[in-house]
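To start, the structure itself, in structure tokens.
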Amino acid sequence: MTTTTDVLGAPYTAETIDLSPDDEGARVATLVHLPADADVPAQRAVLHLHGFSDYFFQTEYAAWWTSRGYDFYALDLPKAGRSFREHQTPHFVTDLEEYFPALDQAWSKITAEHRQVVFAAHSTGGLTGPLWADARRPAELVGMFLNSPWFDLQGSALVRALGTPVLKQIGRWQPKRLIPRSVSGLYTSSLHREHGGEWDFDLSWKPVDSFDVYTGWLRAIRNGHARLHAGLAVAAPVLVMSSDASSVPSEMGEDVHSTDIVLDVAHMRRWATSVGTHVTYVAVAGARHDIVLSRPDVRARAYAELARWLGAYVE
């Protein structure tokens, strides 16, 4: 492992985690760290996991955790963000368990210094994280915060029922077959300062038009959904948080800023209790897909809900 100052600048650091290669070649993951705001070592830590076509850049979110005395860590998974290499297909895996070794190493690093860790994850990370926690059952896990997790495929139940078996067959034999889709770019545009948003991030790591989607990757997602729907057994308290509404806008407008325009929040409500035995669900009115990137008043309410949950069940 190699540790350097992170692209976000000091005091953020980035530690490169070497992983075994896959059929595209060498792979790494990157563990970003921001120390807690305290003169003594933090007693707890939080590990954040990003979603698809995403990486860690949410510095206000990290600062919120460190202000509560948590050491903050974020993992850029293989082929994502800081961990992407030119020989790779961005974010491509054929099984979500391919991410588990990176999570194992990150968890081992964090728990060498912290005996209580909250796992926080967004979107696709909100599917991968519970699957990993269910498989590994880490003793140090004291809570899990899932920010708009991807719990099911968008579209009607009929489309999901008819399309998934076909997808799984194609994804198995032609994993790099491109899935045609139309991406409006409205979501990322609504976030980035160059496009009228509030946030700075690398548009090569989180592009306006997203990354390509392939059958092998979507097959991995659907297999993960099936495992979730069958019921997981995450023992720690879980908070699932989403917007209060989804929409599919065709142009920039109020819905882009005040609803989830990426995933269906009804799926998050439906499958929340499949994660474990102690689950709290909260819908935040006016929230974007990444709730901590919502408008200031909305994310303030989200942080208040998160603080209430932490106080009740974790701290």
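All residue names refer to the structure tokens as shown: chains lettered A, B, ... in order, residues numbered from 1 in each chain, ligands numbered from 1 in order.
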Determine which residues of stretch 130-258 of chain A DSSP labels as strand (DSSP E) from the backbone of this structure, then write them out as an NGL selection string. :A and (141-147 or 238-243)
Keeping only all heavy atoms, write the selected residues as a short mmCIF file (atom, residue, chain, number, x, y, z; two decimals), in the first residue's frame.
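Heads up, here's the output in selection32.cif:
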data_model
loop_
_atom_site.label_atom_id
_atom_site.label_comp_id
_atom_site.auth_asym_id
_atom_site.auth_seq_id
_atom_site.Cartn_x
_atom_site.Cartn_y
_atom_site.Cartn_z
N LEU A 141 -18.88 -3.77 12.88
CA LEU A 141 -19.95 -3.01 12.24
C LEU A 141 -21.01 -2.64 13.27
O LEU A 141 -21.71 -3.52 13.79
CB LEU A 141 -20.57 -3.82 11.11
CG LEU A 141 -21.70 -3.14 10.33
CD1 LEU A 141 -21.20 -1.92 9.58
CD2 LEU A 141 -22.37 -4.13 9.38
N VAL A 142 -21.18 -1.34 13.53
CA VAL A 142 -22.15 -0.91 14.54
C VAL A 142 -23.34 -0.19 13.92
O VAL A 142 -24.31 0.13 14.62
CB VAL A 142 -21.49 0.00 15.59
CG1 VAL A 142 -20.46 -0.79 16.41
CG2 VAL A 142 -20.85 1.23 14.95
N GLY A 143 -23.30 0.07 12.62
CA GLY A 143 -24.42 0.72 11.96
C GLY A 143 -24.17 0.80 10.47
O GLY A 143 -23.02 0.74 10.01
N MET A 144 -25.26 0.93 9.70
CA MET A 144 -25.15 1.04 8.25
C MET A 144 -26.12 2.11 7.76
O MET A 144 -27.31 2.05 8.05
CB MET A 144 -25.45 -0.31 7.59
CG MET A 144 -25.41 -0.28 6.07
SD MET A 144 -25.53 -1.93 5.33
CE MET A 144 -23.85 -2.52 5.61
N PHE A 145 -25.58 3.09 7.04
CA PHE A 145 -26.38 4.18 6.48
C PHE A 145 -26.39 4.05 4.96
O PHE A 145 -25.34 4.15 4.32
CB PHE A 145 -25.79 5.53 6.90
CG PHE A 145 -26.36 6.71 6.15
CD1 PHE A 145 -27.74 6.88 6.03
CD2 PHE A 145 -25.52 7.65 5.59
CE1 PHE A 145 -28.26 7.97 5.34
CE2 PHE A 145 -26.03 8.75 4.91
CZ PHE A 145 -27.41 8.90 4.78
N LEU A 146 -27.58 3.81 4.40
CA LEU A 146 -27.72 3.63 2.96
C LEU A 146 -28.46 4.82 2.37
O LEU A 146 -29.63 5.05 2.66
CB LEU A 146 -28.47 2.32 2.67
CG LEU A 146 -27.83 1.06 3.27
CD1 LEU A 146 -28.66 -0.17 2.92
CD2 LEU A 146 -26.38 0.91 2.82
N ASN A 147 -27.76 5.57 1.56
CA ASN A 147 -28.23 6.80 0.94
C ASN A 147 -28.72 6.46 -0.48
O ASN A 147 -27.94 6.20 -1.38
CB ASN A 147 -27.06 7.79 0.92
CG ASN A 147 -27.27 9.01 0.06
OD1 ASN A 147 -28.27 9.17 -0.61
ND2 ASN A 147 -26.27 9.89 0.07
N VAL A 238 -29.70 -0.38 10.72
CA VAL A 238 -29.57 0.13 9.35
C VAL A 238 -30.51 1.32 9.18
O VAL A 238 -31.67 1.26 9.60
CB VAL A 238 -29.91 -0.96 8.31
CG1 VAL A 238 -29.84 -0.40 6.90
CG2 VAL A 238 -29.00 -2.17 8.47
N LEU A 239 -30.00 2.39 8.57
CA LEU A 239 -30.84 3.52 8.17
C LEU A 239 -30.86 3.58 6.65
O LEU A 239 -29.82 3.74 6.02
CB LEU A 239 -30.29 4.83 8.73
CG LEU A 239 -30.98 6.11 8.22
CD1 LEU A 239 -32.45 6.14 8.61
CD2 LEU A 239 -30.26 7.36 8.74
N VAL A 240 -32.04 3.44 6.06
CA VAL A 240 -32.23 3.62 4.62
C VAL A 240 -32.89 4.98 4.43
O VAL A 240 -33.97 5.23 4.98
CB VAL A 240 -33.10 2.51 4.02
CG1 VAL A 240 -33.36 2.78 2.54
CG2 VAL A 240 -32.42 1.15 4.20
N MET A 241 -32.26 5.84 3.65
CA MET A 241 -32.78 7.18 3.42
C MET A 241 -32.92 7.42 1.92
O MET A 241 -32.06 7.00 1.14
CB MET A 241 -31.85 8.22 4.05
CG MET A 241 -32.41 9.64 4.06
SD MET A 241 -31.25 10.84 4.79
CE MET A 241 -31.23 10.33 6.51
N SER A 242 -34.01 8.06 1.54
CA SER A 242 -34.23 8.38 0.13
C SER A 242 -34.94 9.72 0.02
O SER A 242 -35.35 10.32 1.02
CB SER A 242 -35.08 7.29 -0.54
OG SER A 242 -36.45 7.43 -0.19
N SER A 243 -35.11 10.18 -1.21
CA SER A 243 -36.02 11.28 -1.46
C SER A 243 -37.44 10.81 -1.19
O SER A 243 -37.69 9.61 -1.02
CB SER A 243 -35.87 11.75 -2.91
OG SER A 243 -36.77 12.81 -3.20
#
Determine which residues of stretch 65-312 of chain A DSSP labels as alpha helix (DSSP H) from the backbone of this structure, then write them out as a ChimeraX atom specification. /A:65-67,100-111,125-136,157-173,186-191,215-230,254-258,265-271,296-312
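Nearest-residue note for A:Glu113: choosing from A:Leu96, A:Leu178, A:Ala45, A:Ala133, the minimum distance belongs to A:Ala45, counting only C-alpha atoms.
Taking atom CA of A:Phe52 and atom CA of A:Pro90 as endpoints, the distance between them is 9.2 Å.
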Within 9 Å of A:Pro249, counting only C-alpha atoms, which residues qualify if same-chain residues fewer than 5 places away don't, as an MDAnalysis selection string? chainID A and resid 184 186 255:256 261
Report, in Å to a single decimal, how far apart atom CA of A:Ile110 and atom CA of A:Leu232 are. 23.8 Å
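Closest approach to A:Arg269 from the set A:Ser250, A:Ser148, A:Gln116, A:Ser294 is made by A:Ser148, with distances taken over only C-alpha atoms.
The space separating atom CA of A:Asp290 from atom CA of A:Ala230 comes to 26.0 Å.
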Determine, counting only C-alpha atoms, which protein, DNA and RNA residues have an atom within 12 Å of an atom of A:Phe72; residues of the same chain fewer than 4 positions away are not included. Present the result as an MDAnalysis selection string. chainID A and resid 11:14 31:37 42:49 56 58:68 110 114 117:120
Deliver the residues from the most recent selection as a file, using C-alpha atoms, as a short mmCIF file (atom, residue, chain, number, x, y, z; two decimals), in the first residue's frame.
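result-v4.cif, freshly written:
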data_model
loop_
_atom_site.label_atom_id
_atom_site.label_comp_id
_atom_site.auth_asym_id
_atom_site.auth_seq_id
_atom_site.Cartn_x
_atom_site.Cartn_y
_atom_site.Cartn_z
CA PRO A 11 -5.42 16.77 5.30
CA TYR A 12 -7.00 14.16 3.01
CA THR A 13 -4.75 11.21 2.24
CA ALA A 14 -5.15 8.42 -0.31
CA LEU A 31 -8.80 4.35 0.47
CA VAL A 32 -9.24 8.06 1.21
CA HIS A 33 -8.93 9.26 4.81
CA LEU A 34 -9.89 12.45 6.65
CA PRO A 35 -9.05 12.46 10.39
CA ALA A 36 -11.63 13.37 13.00
CA ASP A 37 -11.77 16.92 14.34
CA ALA A 42 -11.39 9.04 17.29
CA GLN A 43 -13.23 6.17 18.91
CA ARG A 44 -15.29 5.45 15.82
CA ALA A 45 -14.86 5.51 12.07
CA VAL A 46 -17.12 5.59 9.03
CA LEU A 47 -16.44 3.94 5.67
CA HIS A 48 -18.22 5.47 2.66
CA LEU A 49 -18.83 3.58 -0.59
CA PHE A 56 -15.78 10.13 -3.41
CA GLN A 58 -18.42 14.91 -1.04
CA THR A 59 -16.21 16.95 1.29
CA GLU A 60 -19.04 18.59 3.23
CA TYR A 61 -20.37 15.13 4.01
CA ALA A 62 -16.95 13.97 5.20
CA ALA A 63 -16.59 17.08 7.37
CA TRP A 64 -19.99 16.37 8.95
CA TRP A 65 -18.72 13.00 10.15
CA THR A 66 -15.36 14.28 11.37
CA SER A 67 -17.08 17.06 13.31
CA ARG A 68 -18.87 14.29 15.26
CA ILE A 110 -9.73 0.72 9.45
CA HIS A 114 -11.11 1.39 15.32
CA VAL A 117 -17.28 1.35 12.32
CA VAL A 118 -20.34 2.67 10.50
CA PHE A 119 -20.67 1.55 6.89
CA ALA A 120 -22.19 4.28 4.69
#
Using only C-alpha atoms for the distances, tell me which of A:Gly216, A:Pro165, A:Pro149, A:Gly196 is nearest to A:Arg177. A:Gly216
Please identify all polymer residues within 8 Å of A:Thr277, counting only C-alpha atoms, omitting same-chain residues fewer than 6 positions from it, and present them as a PyMOL selection string. chain A and resi 233-235+237
Env of A:Asp134: 12 Å cut, atoms = only C-alpha atoms, seq-sep filter 2 positions within chain, self excluded. Answer as a PyMOL selection string. chain A and resi 97+100+127-132+136-139+141+144+224+227-228+231-236+274-277
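Closest approach to A:Asp202 from the set A:Asp54, A:Asp71, A:Glu315, A:Glu140 is made by A:Asp54, with distances taken over only C-alpha atoms.
Distances from A:Thr89, A:Val28, A:Trp150, A:Thr94 to A:Ala272 were compared using only C-alpha atoms, and the smallest one belongs to A:Trp150.
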